[in-house]
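**Student:** mmCIF, N, CA and C atoms, file data-v7.cif:
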data_input
#
loop_
_atom_site.label_atom_id
_atom_site.label_comp_id
_atom_site.auth_asym_id
_atom_site.auth_seq_id
_atom_site.Cartn_x
_atom_site.Cartn_y
_atom_site.Cartn_z
N MET A 274 -63.93 -92.87 -36.35
CA MET A 274 -64.58 -91.79 -35.64
C MET A 274 -64.97 -92.31 -34.25
N PRO A 275 -64.65 -91.58 -33.20
CA PRO A 275 -64.98 -92.04 -31.85
C PRO A 275 -66.49 -92.02 -31.62
N ARG A 276 -66.91 -92.99 -30.83
CA ARG A 276 -68.33 -93.07 -30.47
C ARG A 276 -68.55 -92.40 -29.12
N SER A 277 -69.71 -91.82 -28.96
CA SER A 277 -70.03 -91.22 -27.66
C SER A 277 -70.42 -92.33 -26.68
N ASP A 278 -70.24 -92.04 -25.42
CA ASP A 278 -70.60 -93.01 -24.39
C ASP A 278 -72.10 -93.19 -24.36
N PRO A 279 -72.56 -94.42 -24.11
CA PRO A 279 -74.02 -94.61 -24.00
C PRO A 279 -74.55 -93.92 -22.75
N ILE A 280 -75.77 -93.46 -22.84
CA ILE A 280 -76.40 -92.80 -21.70
C ILE A 280 -76.82 -93.89 -20.71
N PRO A 281 -76.38 -93.79 -19.45
CA PRO A 281 -76.74 -94.83 -18.49
C PRO A 281 -78.23 -94.77 -18.17
N PRO A 282 -78.81 -95.90 -17.83
CA PRO A 282 -80.22 -95.89 -17.44
C PRO A 282 -80.42 -95.02 -16.21
N GLN A 283 -81.58 -94.44 -16.10
CA GLN A 283 -81.86 -93.49 -15.03
C GLN A 283 -81.76 -94.16 -13.66
N ARG A 284 -82.21 -95.39 -13.54
CA ARG A 284 -82.19 -96.07 -12.24
C ARG A 284 -80.76 -96.24 -11.75
N ASN A 285 -79.86 -96.66 -12.64
CA ASN A 285 -78.47 -96.83 -12.23
C ASN A 285 -77.84 -95.50 -11.85
N ALA A 286 -78.18 -94.46 -12.58
CA ALA A 286 -77.63 -93.14 -12.28
C ALA A 286 -78.11 -92.66 -10.91
N LEU A 287 -79.38 -92.90 -10.59
CA LEU A 287 -79.90 -92.49 -9.29
C LEU A 287 -79.26 -93.29 -8.15
N MET A 288 -79.07 -94.59 -8.37
CA MET A 288 -78.44 -95.40 -7.33
C MET A 288 -76.99 -94.99 -7.10
N ARG A 289 -76.26 -94.71 -8.19
CA ARG A 289 -74.88 -94.26 -8.03
C ARG A 289 -74.84 -92.92 -7.31
N ARG A 290 -75.76 -92.04 -7.63
CA ARG A 290 -75.81 -90.74 -6.98
C ARG A 290 -76.15 -90.89 -5.50
N PHE A 291 -77.09 -91.79 -5.18
CA PHE A 291 -77.46 -92.02 -3.78
C PHE A 291 -76.26 -92.52 -2.99
N TRP A 292 -75.54 -93.51 -3.52
CA TRP A 292 -74.41 -94.08 -2.79
C TRP A 292 -73.27 -93.07 -2.66
N ARG A 293 -73.08 -92.22 -3.65
CA ARG A 293 -72.05 -91.18 -3.55
C ARG A 293 -72.40 -90.20 -2.42
N ILE A 294 -73.65 -89.79 -2.36
CA ILE A 294 -74.09 -88.88 -1.30
C ILE A 294 -74.05 -89.58 0.05
N PHE A 295 -74.46 -90.86 0.06
CA PHE A 295 -74.53 -91.62 1.31
C PHE A 295 -73.15 -91.79 1.93
N ARG A 296 -72.12 -91.96 1.13
CA ARG A 296 -70.76 -92.09 1.68
C ARG A 296 -70.35 -90.81 2.40
N LEU A 297 -70.68 -89.67 1.82
CA LEU A 297 -70.37 -88.41 2.48
C LEU A 297 -71.16 -88.24 3.78
N LEU A 298 -72.40 -88.67 3.76
CA LEU A 298 -73.23 -88.56 4.95
C LEU A 298 -72.78 -89.54 6.03
N ALA A 299 -72.26 -90.70 5.64
CA ALA A 299 -71.72 -91.64 6.61
C ALA A 299 -70.51 -91.03 7.31
N LEU A 300 -69.68 -90.33 6.55
CA LEU A 300 -68.55 -89.64 7.15
C LEU A 300 -69.03 -88.55 8.11
N LEU A 301 -70.08 -87.84 7.73
CA LEU A 301 -70.66 -86.82 8.60
C LEU A 301 -71.16 -87.43 9.90
N SER A 302 -71.81 -88.59 9.82
CA SER A 302 -72.34 -89.22 11.04
C SER A 302 -71.21 -89.69 11.95
N VAL A 303 -70.09 -90.13 11.39
CA VAL A 303 -68.94 -90.51 12.21
C VAL A 303 -68.38 -89.28 12.93
N VAL A 304 -68.31 -88.16 12.23
CA VAL A 304 -67.82 -86.92 12.84
C VAL A 304 -68.75 -86.47 13.96
N VAL A 305 -70.06 -86.54 13.72
CA VAL A 305 -71.03 -86.14 14.74
C VAL A 305 -70.93 -87.06 15.95
N ALA A 306 -70.76 -88.36 15.72
CA ALA A 306 -70.62 -89.30 16.83
C ALA A 306 -69.36 -89.01 17.63
N ALA A 307 -68.27 -88.68 16.95
CA ALA A 307 -67.03 -88.36 17.66
C ALA A 307 -67.18 -87.09 18.49
N ILE A 308 -67.84 -86.09 17.95
CA ILE A 308 -68.07 -84.85 18.70
C ILE A 308 -68.96 -85.11 19.92
N ALA A 309 -69.99 -85.95 19.75
CA ALA A 309 -70.87 -86.29 20.87
C ALA A 309 -70.10 -87.01 21.97
N VAL A 310 -69.21 -87.92 21.58
CA VAL A 310 -68.40 -88.64 22.57
C VAL A 310 -67.47 -87.67 23.29
N LEU A 311 -66.90 -86.71 22.57
CA LEU A 311 -66.03 -85.73 23.22
C LEU A 311 -66.80 -84.90 24.25
N PHE A 312 -68.02 -84.54 23.94
CA PHE A 312 -68.82 -83.77 24.90
C PHE A 312 -69.17 -84.61 26.13
N VAL A 313 -69.46 -85.88 25.93
CA VAL A 313 -69.85 -86.75 27.05
C VAL A 313 -68.66 -87.04 27.96
N THR A 314 -67.49 -87.21 27.39
CA THR A 314 -66.33 -87.60 28.19
C THR A 314 -65.63 -86.44 28.88
N GLN A 315 -66.07 -85.22 28.68
CA GLN A 315 -65.45 -84.10 29.38
C GLN A 315 -65.83 -84.15 30.86
N GLY A 316 -64.89 -83.84 31.69
CA GLY A 316 -65.19 -83.80 33.12
C GLY A 316 -64.87 -85.11 33.80
N GLU A 317 -65.84 -85.66 34.49
CA GLU A 317 -65.63 -86.87 35.28
C GLU A 317 -65.40 -88.10 34.39
N ARG A 318 -64.99 -89.15 35.05
CA ARG A 318 -64.78 -90.42 34.34
C ARG A 318 -66.12 -90.97 33.88
N THR A 319 -66.20 -91.34 32.60
CA THR A 319 -67.45 -91.82 32.00
C THR A 319 -67.35 -93.31 31.74
N PRO A 320 -68.37 -94.09 32.15
CA PRO A 320 -68.34 -95.53 31.88
C PRO A 320 -68.34 -95.81 30.36
N ILE A 321 -67.74 -96.92 29.98
CA ILE A 321 -67.60 -97.25 28.57
C ILE A 321 -68.95 -97.48 27.90
N HIS A 322 -69.92 -98.03 28.64
CA HIS A 322 -71.22 -98.28 28.01
C HIS A 322 -71.94 -96.98 27.66
N VAL A 323 -71.69 -95.91 28.40
CA VAL A 323 -72.27 -94.61 28.08
C VAL A 323 -71.62 -94.04 26.81
N ILE A 324 -70.32 -94.23 26.70
CA ILE A 324 -69.61 -93.75 25.51
C ILE A 324 -70.09 -94.49 24.27
N ILE A 325 -70.23 -95.80 24.36
CA ILE A 325 -70.68 -96.61 23.23
C ILE A 325 -72.12 -96.23 22.85
N ALA A 326 -72.97 -96.08 23.86
CA ALA A 326 -74.38 -95.72 23.58
C ALA A 326 -74.47 -94.33 22.95
N THR A 327 -73.64 -93.41 23.40
CA THR A 327 -73.66 -92.06 22.84
C THR A 327 -73.19 -92.07 21.38
N ALA A 328 -72.11 -92.78 21.12
CA ALA A 328 -71.58 -92.84 19.76
C ALA A 328 -72.57 -93.50 18.81
N LEU A 329 -73.14 -94.63 19.22
CA LEU A 329 -74.11 -95.32 18.36
C LEU A 329 -75.39 -94.49 18.20
N GLY A 330 -75.87 -93.92 19.28
CA GLY A 330 -77.11 -93.14 19.21
C GLY A 330 -76.98 -91.93 18.31
N ALA A 331 -75.93 -91.16 18.51
CA ALA A 331 -75.75 -89.94 17.71
C ALA A 331 -75.43 -90.28 16.26
N GLY A 332 -74.53 -91.22 16.06
CA GLY A 332 -74.12 -91.58 14.69
C GLY A 332 -75.24 -92.18 13.87
N LEU A 333 -75.95 -93.14 14.44
CA LEU A 333 -77.03 -93.79 13.69
C LEU A 333 -78.23 -92.86 13.46
N THR A 334 -78.48 -91.96 14.42
CA THR A 334 -79.57 -91.00 14.23
C THR A 334 -79.28 -90.07 13.07
N VAL A 335 -78.07 -89.54 13.01
CA VAL A 335 -77.70 -88.66 11.91
C VAL A 335 -77.70 -89.43 10.60
N LEU A 336 -77.17 -90.64 10.61
CA LEU A 336 -77.11 -91.46 9.39
C LEU A 336 -78.51 -91.78 8.87
N LEU A 337 -79.41 -92.17 9.75
CA LEU A 337 -80.77 -92.50 9.33
C LEU A 337 -81.50 -91.26 8.80
N GLY A 338 -81.40 -90.16 9.50
CA GLY A 338 -82.09 -88.94 9.06
C GLY A 338 -81.59 -88.44 7.72
N THR A 339 -80.29 -88.42 7.54
CA THR A 339 -79.75 -87.94 6.28
C THR A 339 -80.02 -88.90 5.13
N ALA A 340 -80.01 -90.20 5.42
CA ALA A 340 -80.32 -91.18 4.36
C ALA A 340 -81.77 -91.04 3.90
N LEU A 341 -82.68 -90.85 4.84
CA LEU A 341 -84.08 -90.69 4.46
C LEU A 341 -84.32 -89.40 3.69
N MET A 342 -83.68 -88.32 4.09
CA MET A 342 -83.83 -87.07 3.36
C MET A 342 -83.23 -87.17 1.95
N THR A 343 -82.12 -87.88 1.82
CA THR A 343 -81.53 -88.10 0.50
C THR A 343 -82.48 -88.88 -0.39
N LEU A 344 -83.11 -89.91 0.16
CA LEU A 344 -84.07 -90.69 -0.62
C LEU A 344 -85.27 -89.85 -1.03
N VAL A 345 -85.71 -88.96 -0.16
CA VAL A 345 -86.84 -88.09 -0.50
C VAL A 345 -86.48 -87.19 -1.67
N PHE A 346 -85.30 -86.58 -1.64
CA PHE A 346 -84.90 -85.68 -2.72
C PHE A 346 -84.68 -86.44 -4.03
N LEU A 347 -84.06 -87.62 -3.96
CA LEU A 347 -83.83 -88.39 -5.17
C LEU A 347 -85.14 -88.92 -5.74
N SER A 348 -86.08 -89.26 -4.87
CA SER A 348 -87.38 -89.73 -5.34
C SER A 348 -88.13 -88.60 -6.04
N ALA A 349 -88.02 -87.41 -5.52
CA ALA A 349 -88.69 -86.27 -6.14
C ALA A 349 -88.10 -85.97 -7.52
N GLU A 350 -86.79 -86.17 -7.67
CA GLU A 350 -86.15 -85.90 -8.96
C GLU A 350 -86.40 -87.00 -9.98
N SER A 351 -86.75 -88.21 -9.52
CA SER A 351 -86.90 -89.32 -10.45
C SER A 351 -88.19 -89.23 -11.28
N GLY A 352 -89.19 -88.52 -10.79
CA GLY A 352 -90.42 -88.36 -11.53
C GLY A 352 -91.49 -89.38 -11.18
N TYR A 353 -91.16 -90.33 -10.29
CA TYR A 353 -92.15 -91.34 -9.91
C TYR A 353 -93.22 -90.77 -8.99
N ASP A 354 -92.98 -89.61 -8.40
CA ASP A 354 -93.95 -89.02 -7.50
C ASP A 354 -94.93 -88.09 -8.20
N GLU A 355 -94.82 -87.98 -9.50
CA GLU A 355 -95.73 -87.12 -10.25
C GLU A 355 -97.13 -87.73 -10.23
N PRO A 356 -98.17 -86.90 -10.19
CA PRO A 356 -99.53 -87.45 -10.23
C PRO A 356 -99.81 -88.07 -11.60
N PRO A 357 -100.62 -89.10 -11.62
CA PRO A 357 -100.92 -89.74 -12.90
C PRO A 357 -101.74 -88.82 -13.81
N HIS A 358 -101.53 -88.95 -15.08
CA HIS A 358 -102.31 -88.18 -16.05
C HIS A 358 -103.44 -89.07 -16.55
N ILE A 359 -104.63 -88.77 -16.07
CA ILE A 359 -105.79 -89.57 -16.42
C ILE A 359 -106.56 -88.85 -17.52
N GLU A 360 -106.73 -89.55 -18.60
CA GLU A 360 -107.51 -88.98 -19.69
C GLU A 360 -108.97 -89.38 -19.50
N GLU A 361 -109.81 -88.38 -19.42
CA GLU A 361 -111.23 -88.65 -19.23
C GLU A 361 -111.87 -88.90 -20.59
N GLU A 362 -112.68 -89.92 -20.60
CA GLU A 362 -113.41 -90.22 -21.83
C GLU A 362 -114.61 -89.29 -21.93
N SER A 363 -114.82 -88.71 -23.07
CA SER A 363 -115.98 -87.84 -23.23
C SER A 363 -117.22 -88.70 -23.41
N GLU A 364 -118.23 -88.30 -22.68
CA GLU A 364 -119.47 -89.07 -22.75
C GLU A 364 -120.29 -88.57 -23.93
N GLN A 365 -120.60 -89.49 -24.83
CA GLN A 365 -121.42 -89.14 -25.97
C GLN A 365 -122.81 -89.75 -25.77
N GLU A 366 -123.81 -88.92 -25.88
CA GLU A 366 -125.18 -89.41 -25.67
C GLU A 366 -125.97 -89.35 -26.93
#
Here is the file; what I need is its structure written in the form of structure tokens.

**Tutor:**
Amino acid sequence: MPRSDPIPPQRNALMRRFWRIFRLLALLSVVVAAIAVLFVTQGERTPIHVIIATALGAGLTVLLGTALMTLVFLSAESGYDEPPHIEEESEQE
């Protein structure tokens, strides 16, 4: 009789989910950086340092923002942000 697959630990599942989402967001940041470079290079001749600064600035900004938002959503789903359940002791006099 076949056995069912073991349920992966929650931490590993969250990390795999984060990296799967992060790869897509890294691709998004590369696309945004390319679009920003296209906008900057239209018209007159643009120095290479401006192109590099634009690509790094736009790409890393999008990458950082999306990575932090992904962490916020995954943290909320993990249950670690729930308030603690404190049981109050009844005072007997």

**Student:** Got a sec: who's within 12 Å of segment 297-311 of chain A, counting only C-alpha atoms, leaving out chain neighbours fewer than 6 positions off, as a PDB file with N, CA and C atoms, in the coordinates of the input?

**Tutor:**
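This is the output file around.pdb:
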ATOM      1  N   ARG A 290     -75.760 -92.040  -7.630  1.00  0.00           N
ATOM      2  CA  ARG A 290     -75.810 -90.740  -6.980  1.00  0.00           C
ATOM      3  C   ARG A 290     -76.150 -90.890  -5.500  1.00  0.00           C
ATOM      4  N   PHE A 291     -77.090 -91.790  -5.180  1.00  0.00           N
ATOM      5  CA  PHE A 291     -77.460 -92.020  -3.780  1.00  0.00           C
ATOM      6  C   PHE A 291     -76.260 -92.520  -2.990  1.00  0.00           C
ATOM      7  N   THR A 319     -66.200 -91.340  32.600  1.00  0.00           N
ATOM      8  CA  THR A 319     -67.450 -91.820  32.000  1.00  0.00           C
ATOM      9  C   THR A 319     -67.350 -93.310  31.740  1.00  0.00           C
ATOM     10  N   PRO A 320     -68.370 -94.090  32.150  1.00  0.00           N
ATOM     11  CA  PRO A 320     -68.340 -95.530  31.880  1.00  0.00           C
ATOM     12  C   PRO A 320     -68.340 -95.810  30.360  1.00  0.00           C
ATOM     13  N   ILE A 321     -67.740 -96.920  29.980  1.00  0.00           N
ATOM     14  CA  ILE A 321     -67.600 -97.250  28.570  1.00  0.00           C
ATOM     15  C   ILE A 321     -68.950 -97.480  27.900  1.00  0.00           C
ATOM     16  N   HIS A 322     -69.920 -98.030  28.640  1.00  0.00           N
ATOM     17  CA  HIS A 322     -71.220 -98.280  28.010  1.00  0.00           C
ATOM     18  C   HIS A 322     -71.940 -96.980  27.660  1.00  0.00           C
ATOM     19  N   VAL A 323     -71.690 -95.910  28.400  1.00  0.00           N
ATOM     20  CA  VAL A 323     -72.270 -94.610  28.080  1.00  0.00           C
ATOM     21  C   VAL A 323     -71.620 -94.040  26.810  1.00  0.00           C
ATOM     22  N   ILE A 324     -70.320 -94.230  26.700  1.00  0.00           N
ATOM     23  CA  ILE A 324     -69.610 -93.750  25.510  1.00  0.00           C
ATOM     24  C   ILE A 324     -70.090 -94.490  24.270  1.00  0.00           C
ATOM     25  N   ILE A 325     -70.230 -95.800  24.360  1.00  0.00           N
ATOM     26  CA  ILE A 325     -70.680 -96.610  23.230  1.00  0.00           C
ATOM     27  C   ILE A 325     -72.120 -96.230  22.850  1.00  0.00           C
ATOM     28  N   ALA A 326     -72.970 -96.080  23.860  1.00  0.00           N
ATOM     29  CA  ALA A 326     -74.380 -95.720  23.580  1.00  0.00           C
ATOM     30  C   ALA A 326     -74.470 -94.330  22.950  1.00  0.00           C
ATOM     31  N   THR A 327     -73.640 -93.410  23.400  1.00  0.00           N
ATOM     32  CA  THR A 327     -73.660 -92.060  22.840  1.00  0.00           C
ATOM     33  C   THR A 327     -73.190 -92.070  21.380  1.00  0.00           C
ATOM     34  N   ALA A 328     -72.110 -92.780  21.120  1.00  0.00           N
ATOM     35  CA  ALA A 328     -71.580 -92.840  19.760  1.00  0.00           C
ATOM     36  C   ALA A 328     -72.570 -93.500  18.810  1.00  0.00           C
ATOM     37  N   LEU A 329     -73.140 -94.630  19.220  1.00  0.00           N
ATOM     38  CA  LEU A 329     -74.110 -95.320  18.360  1.00  0.00           C
ATOM     39  C   LEU A 329     -75.390 -94.490  18.200  1.00  0.00           C
ATOM     40  N   GLY A 330     -75.870 -93.920  19.280  1.00  0.00           N
ATOM     41  CA  GLY A 330     -77.110 -93.140  19.210  1.00  0.00           C
ATOM     42  C   GLY A 330     -76.980 -91.930  18.310  1.00  0.00           C
ATOM     43  N   ALA A 331     -75.930 -91.160  18.510  1.00  0.00           N
ATOM     44  CA  ALA A 331     -75.750 -89.940  17.710  1.00  0.00           C
ATOM     45  C   ALA A 331     -75.430 -90.280  16.260  1.00  0.00           C
ATOM     46  N   GLY A 332     -74.530 -91.220  16.060  1.00  0.00           N
ATOM     47  CA  GLY A 332     -74.120 -91.580  14.690  1.00  0.00           C
ATOM     48  C   GLY A 332     -75.240 -92.180  13.870  1.00  0.00           C
ATOM     49  N   LEU A 333     -75.950 -93.140  14.440  1.00  0.00           N
ATOM     50  CA  LEU A 333     -77.030 -93.790  13.690  1.00  0.00           C
ATOM     51  C   LEU A 333     -78.230 -92.860  13.460  1.00  0.00           C
ATOM     52  N   THR A 334     -78.480 -91.960  14.420  1.00  0.00           N
ATOM     53  CA  THR A 334     -79.570 -91.000  14.230  1.00  0.00           C
ATOM     54  C   THR A 334     -79.280 -90.070  13.070  1.00  0.00           C
ATOM     55  N   VAL A 335     -78.070 -89.540  13.010  1.00  0.00           N
ATOM     56  CA  VAL A 335     -77.700 -88.660  11.910  1.00  0.00           C
ATOM     57  C   VAL A 335     -77.700 -89.430  10.600  1.00  0.00           C
ATOM     58  N   LEU A 336     -77.170 -90.640  10.610  1.00  0.00           N
ATOM     59  CA  LEU A 336     -77.110 -91.460   9.390  1.00  0.00           C
ATOM     60  C   LEU A 336     -78.510 -91.780   8.870  1.00  0.00           C
ATOM     61  N   LEU A 337     -79.410 -92.170   9.750  1.00  0.00           N
ATOM     62  CA  LEU A 337     -80.770 -92.500   9.330  1.00  0.00           C
ATOM     63  C   LEU A 337     -81.500 -91.260   8.800  1.00  0.00           C
ATOM     64  N   GLY A 338     -81.400 -90.160   9.500  1.00  0.00           N
ATOM     65  CA  GLY A 338     -82.090 -88.940   9.060  1.00  0.00           C
ATOM     66  C   GLY A 338     -81.590 -88.440   7.720  1.00  0.00           C
ATOM     67  N   THR A 339     -80.290 -88.420   7.540  1.00  0.00           N
ATOM     68  CA  THR A 339     -79.750 -87.940   6.280  1.00  0.00           C
ATOM     69  C   THR A 339     -80.020 -88.900   5.130  1.00  0.00           C
ATOM     70  N   ALA A 340     -80.010 -90.200   5.420  1.00  0.00           N
ATOM     71  CA  ALA A 340     -80.320 -91.180   4.360  1.00  0.00           C
ATOM     72  C   ALA A 340     -81.770 -91.040   3.900  1.00  0.00           C
ATOM     73  N   LEU A 341     -82.680 -90.850   4.840  1.00  0.00           N
ATOM     74  CA  LEU A 341     -84.080 -90.690   4.460  1.00  0.00           C
ATOM     75  C   LEU A 341     -84.320 -89.400   3.690  1.00  0.00           C
ATOM     76  N   MET A 342     -83.680 -88.320   4.090  1.00  0.00           N
ATOM     77  CA  MET A 342     -83.830 -87.070   3.360  1.00  0.00           C
ATOM     78  C   MET A 342     -83.230 -87.170   1.950  1.00  0.00           C
ATOM     79  N   THR A 343     -82.120 -87.880   1.820  1.00  0.00           N
ATOM     80  CA  THR A 343     -81.530 -88.100   0.500  1.00  0.00           C
ATOM     81  C   THR A 343     -82.480 -88.880  -0.390  1.00  0.00           C
TER      82      THR A 343
END

**Student:** For the atom pair atom N of Arg289 of chain A and atom N of Ser277 of chain A, what is the interatomic distance in Å to one decimal place?

**Tutor:**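 These atoms are spaced 22.0 Å apart.
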
**Student:** So how far away is atom C of Ala349 of chain A from atom CA of Trp292 of chain A, in Å?

**Tutor:**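 So the answer is 16.6 Å.
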
**Student:** Quick check, in Å to one decimal: how far apart do atom CA of Met288 of chain A and atom N of Pro356 of chain A lie?

**Tutor:**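 These atoms are spaced 21.7 Å apart.
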
**Student:** Could you check the closest approach to Leu287 of chain A for each of A:Phe312, A:Glu317, A:Pro275, A:Ser351 and tell me which residue wins, using only N, CA and C atoms?

**Tutor:**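 Ranking A:Phe312, A:Glu317, A:Pro275, A:Ser351 by distance to Leu287 of chain A, first place goes to A:Ser351.
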